[in-house]
Each structure stands twice: as structure tokens, then as C-alpha cells.
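Structure file run_36.tsv; described as TSV, C-alpha atoms.
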chain	number	residue	atom	x	y	z
A	16	MET	CA	72.38	-68.76	36.76
A	17	PRO	CA	69.25	-66.61	36.33
A	18	GLU	CA	68.31	-66.71	40.04
A	19	ALA	CA	71.81	-65.64	41.12
A	20	ARG	CA	71.82	-62.87	38.49
A	21	SER	CA	68.44	-61.72	39.76
A	22	ALA	CA	69.83	-61.58	43.30
A	23	LEU	CA	72.81	-59.54	42.11
A	24	ASP	CA	70.53	-57.16	40.23
A	25	ALA	CA	68.46	-56.73	43.41
A	26	LEU	CA	71.63	-55.95	45.38
A	27	LEU	CA	72.79	-53.42	42.77
A	28	ASP	CA	69.36	-51.76	42.97
A	29	LEU	CA	69.70	-51.66	46.77
A	30	LEU	CA	73.05	-49.88	46.45
A	31	ASP	CA	71.79	-47.40	43.83
A	32	LEU	CA	70.84	-44.50	46.09
A	33	GLU	CA	68.30	-41.79	45.37
A	34	ARG	CA	69.73	-38.26	45.44
A	35	ILE	CA	67.28	-36.02	47.31
A	36	GLU	CA	69.57	-32.96	47.69
A	37	GLN	CA	73.03	-32.13	46.37
A	38	ASP	CA	74.80	-34.05	49.16
A	39	ILE	CA	71.90	-36.00	50.67
A	40	PHE	CA	70.91	-39.48	49.49
A	41	ARG	CA	68.27	-42.00	50.46
A	42	GLY	CA	68.62	-45.76	50.37
A	43	GLU	CA	66.25	-48.63	50.97
A	44	SER	CA	67.12	-51.33	53.46
A	45	ARG	CA	66.34	-54.98	53.98
A	46	SER	CA	66.64	-57.41	56.84
A	47	ALA	CA	69.53	-59.81	57.27
A	48	LEU	CA	69.80	-63.04	59.26
A	49	VAL	CA	69.23	-61.00	62.39
A	50	PRO	CA	66.42	-58.44	62.89
A	51	ARG	CA	68.52	-55.44	61.84
A	52	VAL	CA	70.08	-54.08	58.68
A	53	PHE	CA	73.23	-55.92	57.56
A	54	GLY	CA	76.23	-53.77	58.43
A	55	GLY	CA	77.89	-54.38	55.07
A	56	GLN	CA	74.86	-52.88	53.35
A	57	VAL	CA	75.06	-49.63	55.36
A	58	ALA	CA	78.82	-49.35	54.80
A	59	ALA	CA	78.46	-49.98	51.07
A	60	GLN	CA	75.60	-47.48	50.68
A	61	ALA	CA	77.53	-44.83	52.64
A	62	LEU	CA	80.53	-45.33	50.33
A	63	VAL	CA	78.23	-44.94	47.32
A	64	ALA	CA	76.98	-41.64	48.77
A	65	ALA	CA	80.53	-40.40	49.36
A	66	GLY	CA	81.70	-41.53	45.91
A	67	ARG	CA	78.93	-39.66	44.15
A	68	THR	CA	80.31	-36.35	45.42
A	69	VAL	CA	83.86	-37.04	44.21
A	70	PRO	CA	85.36	-36.59	40.70
A	71	GLU	CA	85.45	-39.87	38.74
A	72	ASP	CA	89.26	-39.79	38.42
A	73	ARG	CA	89.67	-40.03	42.20
A	74	LEU	CA	89.53	-43.61	43.47
A	75	ALA	CA	88.62	-44.73	46.99
A	76	HIS	CA	91.76	-45.72	48.90
A	77	SER	CA	90.48	-46.00	52.48
A	78	LEU	CA	87.43	-45.93	54.71
A	79	HIS	CA	86.93	-45.86	58.48
A	80	ALA	CA	83.50	-46.45	59.95
A	81	TYR	CA	81.58	-46.83	63.21
A	82	PHE	CA	78.32	-48.71	63.63
A	83	LEU	CA	76.36	-46.66	66.19
A	84	ARG	CA	72.88	-48.19	66.36
A	85	PRO	CA	71.11	-51.19	64.81
A	86	GLY	CA	69.46	-50.29	61.50
A	87	ASP	CA	65.70	-50.76	61.07
A	88	PRO	CA	65.13	-52.90	57.94
A	89	GLY	CA	61.60	-51.49	57.59
A	90	ALA	CA	62.67	-47.88	57.11
A	91	PRO	CA	64.76	-46.00	54.52
A	92	ILE	CA	68.19	-44.68	55.48
A	93	VAL	CA	69.23	-41.09	54.75
A	94	TYR	CA	72.92	-40.46	54.01
A	95	SER	CA	74.27	-36.93	54.51
A	96	VAL	CA	77.69	-36.19	52.99
A	97	ASP	CA	80.09	-33.53	54.29
A	98	ARG	CA	82.74	-32.37	51.81
A	99	ILE	CA	85.59	-32.24	54.29
A	100	ARG	CA	88.45	-31.61	51.86
A	101	ASP	CA	89.16	-31.33	48.16
A	102	GLY	CA	92.93	-31.22	47.72
A	103	ARG	CA	95.15	-31.49	44.67
A	104	SER	CA	95.61	-35.27	45.14
A	105	PHE	CA	93.22	-36.33	47.89
A	106	THR	CA	89.52	-35.86	48.55
A	107	THR	CA	87.94	-36.59	51.95
A	108	ARG	CA	84.28	-37.15	52.70
A	109	ARG	CA	82.34	-37.80	55.90
A	110	VAL	CA	78.97	-39.55	55.76
A	111	VAL	CA	76.32	-39.85	58.47
A	112	ALA	CA	73.53	-42.42	58.03
A	113	VAL	CA	70.29	-41.49	59.80
A	114	GLN	CA	67.11	-43.39	60.61
A	115	HIS	CA	64.18	-42.15	62.72
A	116	GLY	CA	66.08	-38.93	63.41
A	117	GLN	CA	69.12	-40.66	64.91
A	118	PRO	CA	72.56	-41.44	63.45
A	119	ILE	CA	73.11	-45.17	63.04
A	120	PHE	CA	76.46	-45.10	61.21
A	121	HIS	CA	79.42	-42.79	60.54
A	122	LEU	CA	81.88	-43.18	57.67
A	123	SER	CA	85.00	-41.28	56.67
A	124	ALA	CA	86.40	-42.09	53.23
A	125	SER	CA	89.40	-40.82	51.30
A	126	PHE	CA	89.87	-40.76	47.54
A	127	GLN	CA	93.05	-40.15	45.51
A	128	THR	CA	94.04	-39.42	41.95
A	129	TYR	CA	96.20	-42.19	40.45
A	130	GLU	CA	99.94	-41.77	40.80
A	131	GLU	CA	103.08	-43.89	40.50
A	132	GLY	CA	105.05	-44.71	43.64
A	133	LEU	CA	107.02	-47.25	45.64
A	134	ASP	CA	105.53	-50.73	45.37
A	135	HIS	CA	105.86	-53.86	47.53
A	136	GLN	CA	103.42	-56.27	49.17
A	137	ALA	CA	103.08	-59.30	51.42
A	138	ASP	CA	103.00	-62.67	49.68
A	139	MET	CA	99.67	-64.33	49.06
A	140	PRO	CA	99.20	-67.27	51.48
A	141	PRO	CA	98.53	-70.81	50.22
A	142	ALA	CA	94.87	-71.44	49.47
A	143	PRO	CA	92.88	-74.08	47.58
A	144	ASP	CA	91.64	-73.33	44.07
A	145	PRO	CA	88.16	-71.78	44.45
A	146	ASP	CA	86.80	-73.92	41.61
A	147	THR	CA	87.53	-77.04	43.69
A	148	LEU	CA	85.48	-75.80	46.67
A	149	PRO	CA	81.73	-76.38	47.15
A	150	ALA	CA	79.34	-73.51	46.55
A	151	ALA	CA	77.15	-72.31	49.41
A	152	ALA	CA	74.06	-74.20	48.27
A	153	GLU	CA	76.04	-77.42	48.51
A	154	MET	CA	78.10	-76.72	51.63
A	155	LEU	CA	75.74	-74.96	54.04
A	156	PRO	CA	73.10	-77.72	54.38
A	157	ARG	CA	75.88	-80.09	55.51
A	158	HIS	CA	76.43	-78.05	58.68
A	159	LEU	CA	73.21	-76.19	59.45
A	160	PRO	CA	69.50	-76.99	59.85
A	161	ARG	CA	67.81	-76.72	56.47
A	162	GLU	CA	65.77	-73.64	57.42
A	163	VAL	CA	68.84	-71.75	58.67
A	164	ALA	CA	70.90	-72.84	55.66
A	165	ASP	CA	68.18	-71.65	53.26
A	166	ARG	CA	68.04	-68.23	54.95
A	167	LEU	CA	71.81	-67.85	54.76
A	168	ILE	CA	71.89	-68.95	51.12
A	169	GLU	CA	69.15	-66.44	50.29
A	170	ALA	CA	70.89	-63.61	52.18
A	171	ARG	CA	74.12	-64.20	50.25
A	172	ALA	CA	72.63	-65.16	46.88
A	173	ALA	CA	74.25	-62.22	45.06
A	174	VAL	CA	77.70	-63.49	46.00
A	175	ASP	CA	79.48	-66.77	45.28
A	176	LEU	CA	81.25	-67.27	48.62
A	177	ARG	CA	83.25	-70.47	49.18
A	178	TYR	CA	84.89	-71.55	52.44
A	179	ALA	CA	88.38	-73.04	52.15
A	180	ASP	CA	87.78	-75.00	55.37
A	181	VAL	CA	84.89	-75.95	57.65
A	182	PRO	CA	83.07	-72.77	58.77
A	183	PRO	CA	82.52	-72.01	62.50
A	184	TRP	CA	79.07	-73.59	62.64
A	185	GLY	CA	80.52	-76.81	61.24
A	186	SER	CA	82.98	-77.27	64.12
A	187	VAL	CA	81.05	-76.20	67.22
A	188	GLY	CA	82.83	-77.22	70.41
A	189	GLN	CA	86.17	-77.68	68.67
A	190	PRO	CA	88.43	-74.64	69.18
A	191	ARG	CA	91.02	-74.27	66.46
A	192	GLU	CA	93.44	-71.78	64.99
A	193	PRO	CA	91.73	-68.36	64.74
A	194	ARG	CA	92.15	-68.13	60.99
A	195	SER	CA	89.78	-68.63	58.07
A	196	GLN	CA	89.80	-68.22	54.30
A	197	VAL	CA	86.98	-67.68	51.87
A	198	TRP	CA	86.97	-67.02	48.15
A	199	PHE	CA	84.29	-64.67	46.84
A	200	ARG	CA	83.03	-62.98	43.69
A	201	THR	CA	79.69	-61.60	42.62
A	202	ASN	CA	77.27	-63.99	40.95
A	203	GLY	CA	77.41	-62.16	37.64
A	204	LYS	CA	79.46	-59.58	35.78
A	205	LEU	CA	79.66	-55.97	36.90
A	206	ALA	CA	80.08	-52.74	34.96
A	207	ASP	CA	83.60	-51.31	34.61
A	208	ASP	CA	83.05	-48.67	37.30
A	209	PRO	CA	85.94	-48.86	39.85
A	210	LEU	CA	83.76	-47.46	42.65
A	211	LEU	CA	81.20	-50.22	42.10
A	212	HIS	CA	83.82	-52.93	42.63
A	213	VAL	CA	85.09	-51.23	45.80
A	214	VAL	CA	81.50	-50.93	47.06
A	215	LEU	CA	80.76	-54.63	46.44
A	216	ALA	CA	83.97	-55.66	48.22
A	217	THR	CA	82.95	-53.45	51.15
A	218	TYR	CA	79.55	-55.15	51.25
A	219	VAL	CA	81.07	-58.64	51.35
A	220	SER	CA	83.83	-57.73	53.81
A	221	ASP	CA	81.35	-57.64	56.71
A	222	MET	CA	80.04	-61.18	56.09
A	223	THR	CA	82.78	-63.38	57.53
A	224	LEU	CA	85.52	-61.29	59.17
A	225	LEU	CA	84.61	-62.19	62.75
A	226	ASP	CA	84.45	-65.93	61.93
A	227	SER	CA	88.06	-66.27	63.05
A	228	VAL	CA	87.11	-64.99	66.53
A	229	LEU	CA	84.51	-67.76	66.77
A	230	LEU	CA	86.93	-70.45	65.61
A	231	ALA	CA	89.32	-69.73	68.49
A	232	HIS	CA	86.57	-70.62	70.97
A	233	GLY	CA	84.70	-73.38	69.16
A	234	ARG	CA	81.62	-71.20	68.74
A	235	GLY	CA	79.26	-71.51	65.81
A	236	GLY	CA	78.13	-67.90	65.79
A	237	TRP	CA	74.98	-66.04	64.87
A	238	ALA	CA	73.77	-68.83	62.57
A	239	VAL	CA	73.41	-71.27	65.47
A	240	GLY	CA	72.87	-68.75	68.28
A	241	ASP	CA	75.70	-69.66	70.65
A	242	VAL	CA	77.01	-66.08	70.55
A	243	VAL	CA	75.39	-62.71	70.01
A	244	GLY	CA	77.25	-59.89	68.38
A	245	ALA	CA	77.42	-56.93	66.06
A	246	SER	CA	80.02	-54.93	64.19
A	247	LEU	CA	81.43	-51.96	66.11
A	248	ASP	CA	83.91	-50.41	63.70
A	249	HIS	CA	85.35	-51.26	60.31
A	250	ALA	CA	88.36	-50.02	58.35
A	251	MET	CA	89.52	-50.83	54.82
A	252	TRP	CA	92.46	-49.78	52.66
A	253	PHE	CA	92.28	-50.31	48.90
A	254	HIS	CA	95.81	-50.84	47.58
A	255	ARG	CA	95.52	-52.03	43.99
A	256	PRO	CA	92.83	-52.33	41.30
A	257	PHE	CA	90.61	-55.41	41.42
A	258	ARG	CA	87.29	-56.68	40.15
A	259	ALA	CA	84.64	-57.92	42.56
A	260	ASP	CA	83.23	-60.17	39.82
A	261	GLU	CA	86.49	-62.15	39.71
A	262	TRP	CA	87.74	-64.46	42.46
A	263	LEU	CA	89.16	-62.71	45.53
A	264	LEU	CA	90.78	-64.52	48.45
A	265	TYR	CA	89.68	-63.20	51.87
A	266	ASP	CA	92.41	-64.36	54.28
A	267	GLN	CA	91.20	-63.60	57.83
A	268	GLU	CA	92.53	-64.02	61.35
A	269	SER	CA	91.81	-62.86	64.89
A	270	PRO	CA	94.76	-61.69	67.01
A	271	THR	CA	92.68	-61.07	70.14
A	272	ALA	CA	89.30	-61.16	71.89
A	273	SER	CA	88.55	-59.67	75.32
A	274	GLY	CA	86.01	-57.58	77.18
A	275	GLY	CA	83.09	-58.86	75.09
A	276	ARG	CA	84.81	-57.73	71.90
A	277	GLY	CA	86.72	-59.58	69.19
A	278	LEU	CA	89.12	-58.24	66.58
A	279	GLY	CA	89.40	-59.54	63.03
A	280	GLN	CA	92.03	-58.53	60.51
A	281	ALA	CA	92.36	-59.65	56.91
A	282	ARG	CA	93.97	-59.25	53.53
A	283	ILE	CA	92.15	-59.66	50.24
A	284	PHE	CA	94.16	-60.93	47.27
A	285	THR	CA	93.29	-61.25	43.59
A	286	GLN	CA	93.56	-64.77	42.20
A	287	ASP	CA	96.90	-63.92	40.56
A	288	GLY	CA	98.38	-62.90	43.92
A	289	ARG	CA	98.09	-59.10	44.07
A	290	LEU	CA	97.27	-57.65	47.50
A	291	ALA	CA	94.17	-55.60	46.79
A	292	ILE	CA	92.66	-54.71	50.18
A	293	SER	CA	93.48	-54.72	53.90
A	294	VAL	CA	90.63	-54.92	56.42
A	295	ILE	CA	90.29	-54.60	60.21
A	296	GLN	CA	87.06	-54.90	62.19
A	297	GLU	CA	86.12	-55.03	65.85
A	298	GLY	CA	82.80	-56.42	66.94
A	299	VAL	CA	80.79	-57.29	70.00
A	300	VAL	CA	81.05	-61.04	70.59
A	301	ARG	CA	79.15	-62.18	73.69
A	302	VAL	CA	78.12	-65.57	75.00
A	303	PRO	CA	74.36	-65.49	75.78
A	304	ARG	CA	73.49	-65.74	79.45

Final C-alpha cells representation of the file:
Amino acid sequence: MPEARSALDALLDLLDLERIEQDIFRGESRSALVPRVFGGQVAAQALVAAGRTVPEDRLAHSLHAYFLRPGDPGAPIVYSVDRIRDGRSFTTRRVVAVQHGQPIFHLSASFQTYEEGLDHQADMPPAPDPDTLPAAAEMLPRHLPREVADRLIEARAAVDLRYADVPPWGSVGQPREPRSQVWFRTNGKLADDPLLHVVLATYVSDMTLLDSVLLAHGRGGWAVGDVVGASLDHAMWFHRPFRADEWLLYDQESPTASGGRGLGQARIFTQDGRLAISVIQEGVVRVPR
């Protein structure tokens, strides 16, 4: 898959920040399906910036972030890292992303040295085998106008993302259970850097989490224009080692929506059933007037 590999290489280049001072980094940006920077890109780049100020033996175990302003895809983003704490086991970093002199994103991330401890987890839910599901290039044109499908395929070309059921834009006007599942992995192998795999999972985590909000109301979402929205805040906890270039099940649901906001929560499992990540996100979800 040379085209997919090229897309992954382009994404890895996008996430490879330039260090301009000891704790200041600069990243490029690119447009998404909407005329602003994709939130997953900003979150992933901010985590890269934080991770580059932390010893390699300390692994990311959580992040908490707020999206403050839409990012301008035509301008670079500057990431400033504050070294909040360097303890014996935990390291904490705060990152502010700035464009045009204004903060557009805040991230707090915590890193920990490996240690043994109590261990239990929720069971992995039933899900179809990802190899039996259609890839995006096959599935998306079934449900979207060709132009929109092509844009979505291009935007996600670095990732092999497969829906276990019909996506929101394939069931417009048919409210159903506010739950969705997707399998994902990068379209190509990654280096054995644990931070890189966490960063790629962070990037993908912002793609589909609010889909379950749309399903509850029979809305198709940003791809068809029957809602407008944006991420407000995003939190992730990284429980166990995983590889973003191997299949991961993103099991998502929405417990509530009100006040022009919708909440999505999810668990990400490895294909052999280990709970790797927990995710919660709130976003603006409005019906256009």
C-alpha cells in the first residue's frame, strides 16, 4: 500500500515537531474536513512536545486537554512546555499551544516509571473481526456523496479505520442506541517508541468519539452538515502497553447530551482483549438554525 504508507509518513512528519528553545516547539498544521485544524492533531502534537521533555523510561499514563479556539490550518502552532513536577515516580507537564499570539489549546499530561501493581480490567465487548469489515475506501462511498467520501478518505488515509456497524451518516433520520465501534490501526508499521504509539492513538481518538451522540438523534454529523460541532475537552488514560500499528477496538458510547453539548466515553482494547486506554470527550453538538 504505497499511497497509505506515504500518508502515514506525512502524518509522522506532521507530528515531528521542531525544537526552537529548550521547552518550546513548533509544529506545522493542515486543514481537516472543516476549515480548522483537526483537534486530534493538536492534541497529538502537544503530547509530543510534553514527551520530549520527559526521561524515556517514563511512559505517558494520562492526559487532560481543553480546546480553546479553532486552529488556523495556514499557520504554524507553537507549543510551550511547563515542567510542573519531576517526582521519583511521576512527571507532570503542562503544554500551551499558541497561534497568532493566542492560546488555542491546553494540555496537562502525566508520565510514570513502570511498576508492578494490582491488576484487573473490564471485559472486552463482543465485536466483529476487523478483517471481515470493509475498509474506508469501500464503505464510505456507499453512504456519502463521492466528493465528501473522497475528502474523508484522504483525511484519514494514514489510518485503517473500519466501522463495525453503519456510521451516523449512513442512518440519517433513524435514531438508535448511542453506541458505536470502530477498529483502527495505522496504515503501516511504526517504530518501537512507546510515546509514538500513544501519540498516534491520541490522534485517532478524536475522529469518531462523538459519533455515538449523533446516533442517538439520527444525525449524520459534520460529513453531511446536519449538525455543527467541535471538541471542547478530552481526557485519556493509558493503562497497558499497546501498538497503534496493530488492531485496536474503539468501543464508544454517549451517556448524555444537553445544553448544546454531547458527551462521549470509550474504551480501547487490543485485539487479544487487553484494556489499553480509557477516553472521555465533551463536544459542542448543535443543530444548525

**Message:** Would you pick out the contacts of Gln127 of chain A at 9 Å or less, using all atoms listed in the file, so that residues sharing its chain but fewer than 6 positions from it are not included, and give the list as a list of chain:residue names?
**Reply:** A:Asp72, A:Arg73, A:Leu74, A:Ala75, A:His76, A:Arg103, A:Ser104, A:Phe105, A:Thr106, A:Thr107

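The smallest atom-to-atom distance between Arg289 of chain A and any of A:Val242, A:Ala137, A:Val213, A:Ala206, using all atoms listed in the file, is found for A:Ala137.
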
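Minimum atom-to-atom distance to Leu211 of chain A, evaluated using all atoms listed in the file, belongs to A:Ala59 out of A:Leu83, A:Ala59, A:Ile119, A:Ala231.
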
**Complete:** Among A:Asp266, A:Asp87, A:Asp97, A:Asp138, Asp180 of chain A is approached most closely, using all atoms listed in the file, by A:Asp266

**Asked** Using only C-alpha atoms, which residues sit within 8 Å of Val197 of chain A once same-chain residues fewer than 6 positions away are excluded, as a list in words?
**Response** Leu176, Arg177, Tyr178, Ala179, Leu264, Tyr265 and Asp266 of chain A

**Computed interatomic separation between atom CA of Ser95 of chain A and atom CA of Ala172 of chain A (Å)** =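 Between atom CA of Ser95 of chain A and atom CA of Ala172 of chain A the gap is 29.3 Å.
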
**Request:** Would you kindly return, as a PyMOL selection string, each protein, DNA or RNA residue with an atom no farther than 12 Å from any atom of Ala281 of chain A, considering all atoms listed in the file and excluding same-chain residues fewer than 3 positions away?
**Result:** chain A and resi 139-140+193-197+220-221+223-227+249-252+264-270+278+284+290-297

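Around Asp175 of chain A, within 8 Å and counting only C-alpha atoms, the residues found are Ala150, Ala151, Arg171, Ala172, Phe199, Arg200, Thr201 and Asn202 of chain A, once anything fewer than 3 positions away on its own chain is removed.
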
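Minimum atom-to-atom distances from A:Leu230, A:Leu263, A:Val113, A:Ile92 to Thr285 of chain A were compared using only C-alpha atoms, and the lowest value belongs to A:Leu263.
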
**Asked** So how far away is atom CA of Leu247 of chain A from atom CA of Ala142 of chain A, in Å?
**Response** 28.9 Å

**Item:** Coordinates-based distance that separates atom CA of Arg166 of chain A from atom CA of Ala152 of chain A (Å, one decimal)
**Value:**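 Going from atom CA of Ala152 of chain A over to atom CA of Arg166 of chain A, I get 10.8 Å.
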
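Nearest-residue note for Arg51 of chain A: choosing from A:Gly116, A:Gly89, A:Pro183, A:Gly102, the minimum distance belongs to A:Gly89, counting all atoms listed in the file.
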
Centre, edges in Å (one decimal): axis-aligned box, segment 209-222 of chain A, 8 Å padding on all six sides, as lines of an AutoDock Vina configuration file:
center_x = 82.7
center_y = -54.3
center_z = 48.3
size_x = 22.4
size_y = 29.7
size_z = 32.9

Assuming the input is short of atoms at segment 238-265 of chain A, produce N, CA and C atoms for that part as a short mmCIF file (atom, residue, chain, number, x, y, z; two decimals), keeping the file's coordinate frame.
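File written: out.cif
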data_model
loop_
_atom_site.label_atom_id
_atom_site.label_comp_id
_atom_site.auth_asym_id
_atom_site.auth_seq_id
_atom_site.Cartn_x
_atom_site.Cartn_y
_atom_site.Cartn_z
N ALA A 238 74.60 -67.87 63.29
CA ALA A 238 73.77 -68.83 62.57
C ALA A 238 73.19 -69.91 63.48
N VAL A 239 73.90 -70.24 64.55
CA VAL A 239 73.41 -71.27 65.47
C VAL A 239 73.05 -70.70 66.83
N GLY A 240 73.35 -69.42 67.08
CA GLY A 240 72.87 -68.75 68.28
C GLY A 240 73.67 -68.98 69.54
N ASP A 241 74.92 -69.46 69.43
CA ASP A 241 75.70 -69.66 70.65
C ASP A 241 76.57 -68.45 70.99
N VAL A 242 76.49 -67.39 70.19
CA VAL A 242 77.01 -66.08 70.55
C VAL A 242 76.05 -65.04 69.99
N VAL A 243 76.10 -63.86 70.58
CA VAL A 243 75.39 -62.71 70.01
C VAL A 243 76.45 -61.66 69.72
N GLY A 244 76.23 -60.87 68.72
CA GLY A 244 77.25 -59.89 68.38
C GLY A 244 76.81 -58.91 67.33
N ALA A 245 77.67 -57.95 67.08
CA ALA A 245 77.42 -56.93 66.06
C ALA A 245 78.74 -56.22 65.77
N SER A 246 78.84 -55.70 64.56
CA SER A 246 80.02 -54.93 64.19
C SER A 246 80.05 -53.62 64.98
N LEU A 247 81.24 -53.23 65.42
CA LEU A 247 81.43 -51.96 66.11
C LEU A 247 82.10 -50.93 65.20
N ASP A 248 83.24 -51.31 64.64
CA ASP A 248 83.91 -50.41 63.70
C ASP A 248 84.57 -51.24 62.61
N HIS A 249 84.91 -50.56 61.52
CA HIS A 249 85.35 -51.26 60.31
C HIS A 249 86.27 -50.32 59.54
N ALA A 250 87.42 -50.84 59.13
CA ALA A 250 88.36 -50.02 58.35
C ALA A 250 88.87 -50.84 57.17
N MET A 251 89.03 -50.18 56.03
CA MET A 251 89.52 -50.83 54.82
C MET A 251 90.48 -49.90 54.10
N TRP A 252 91.51 -50.50 53.51
CA TRP A 252 92.46 -49.78 52.66
C TRP A 252 92.52 -50.49 51.31
N PHE A 253 92.32 -49.75 50.25
CA PHE A 253 92.28 -50.31 48.90
C PHE A 253 93.61 -49.99 48.21
N HIS A 254 94.43 -51.03 48.03
CA HIS A 254 95.81 -50.84 47.58
C HIS A 254 95.98 -50.87 46.07
N ARG A 255 95.30 -51.81 45.42
CA ARG A 255 95.52 -52.03 43.99
C ARG A 255 94.18 -52.31 43.31
N PRO A 256 94.08 -52.06 42.01
CA PRO A 256 92.83 -52.33 41.30
C PRO A 256 92.44 -53.80 41.38
N PHE A 257 91.15 -54.05 41.40
CA PHE A 257 90.61 -55.41 41.42
C PHE A 257 89.21 -55.37 40.86
N ARG A 258 88.68 -56.54 40.57
CA ARG A 258 87.29 -56.68 40.15
C ARG A 258 86.57 -57.57 41.15
N ALA A 259 85.41 -57.13 41.62
CA ALA A 259 84.64 -57.92 42.56
C ALA A 259 83.88 -59.05 41.88
N ASP A 260 83.87 -59.06 40.54
CA ASP A 260 83.23 -60.17 39.82
C ASP A 260 84.24 -61.22 39.40
N GLU A 261 85.48 -61.12 39.90
CA GLU A 261 86.49 -62.15 39.71
C GLU A 261 86.94 -62.62 41.08
N TRP A 262 87.43 -63.86 41.16
CA TRP A 262 87.74 -64.46 42.46
C TRP A 262 88.70 -63.61 43.27
N LEU A 263 88.33 -63.40 44.55
CA LEU A 263 89.16 -62.71 45.53
C LEU A 263 89.30 -63.60 46.76
N LEU A 264 90.52 -63.72 47.27
CA LEU A 264 90.78 -64.52 48.45
C LEU A 264 90.73 -63.63 49.68
N TYR A 265 89.83 -63.94 50.62
CA TYR A 265 89.68 -63.20 51.87
C TYR A 265 90.36 -64.01 52.96
#
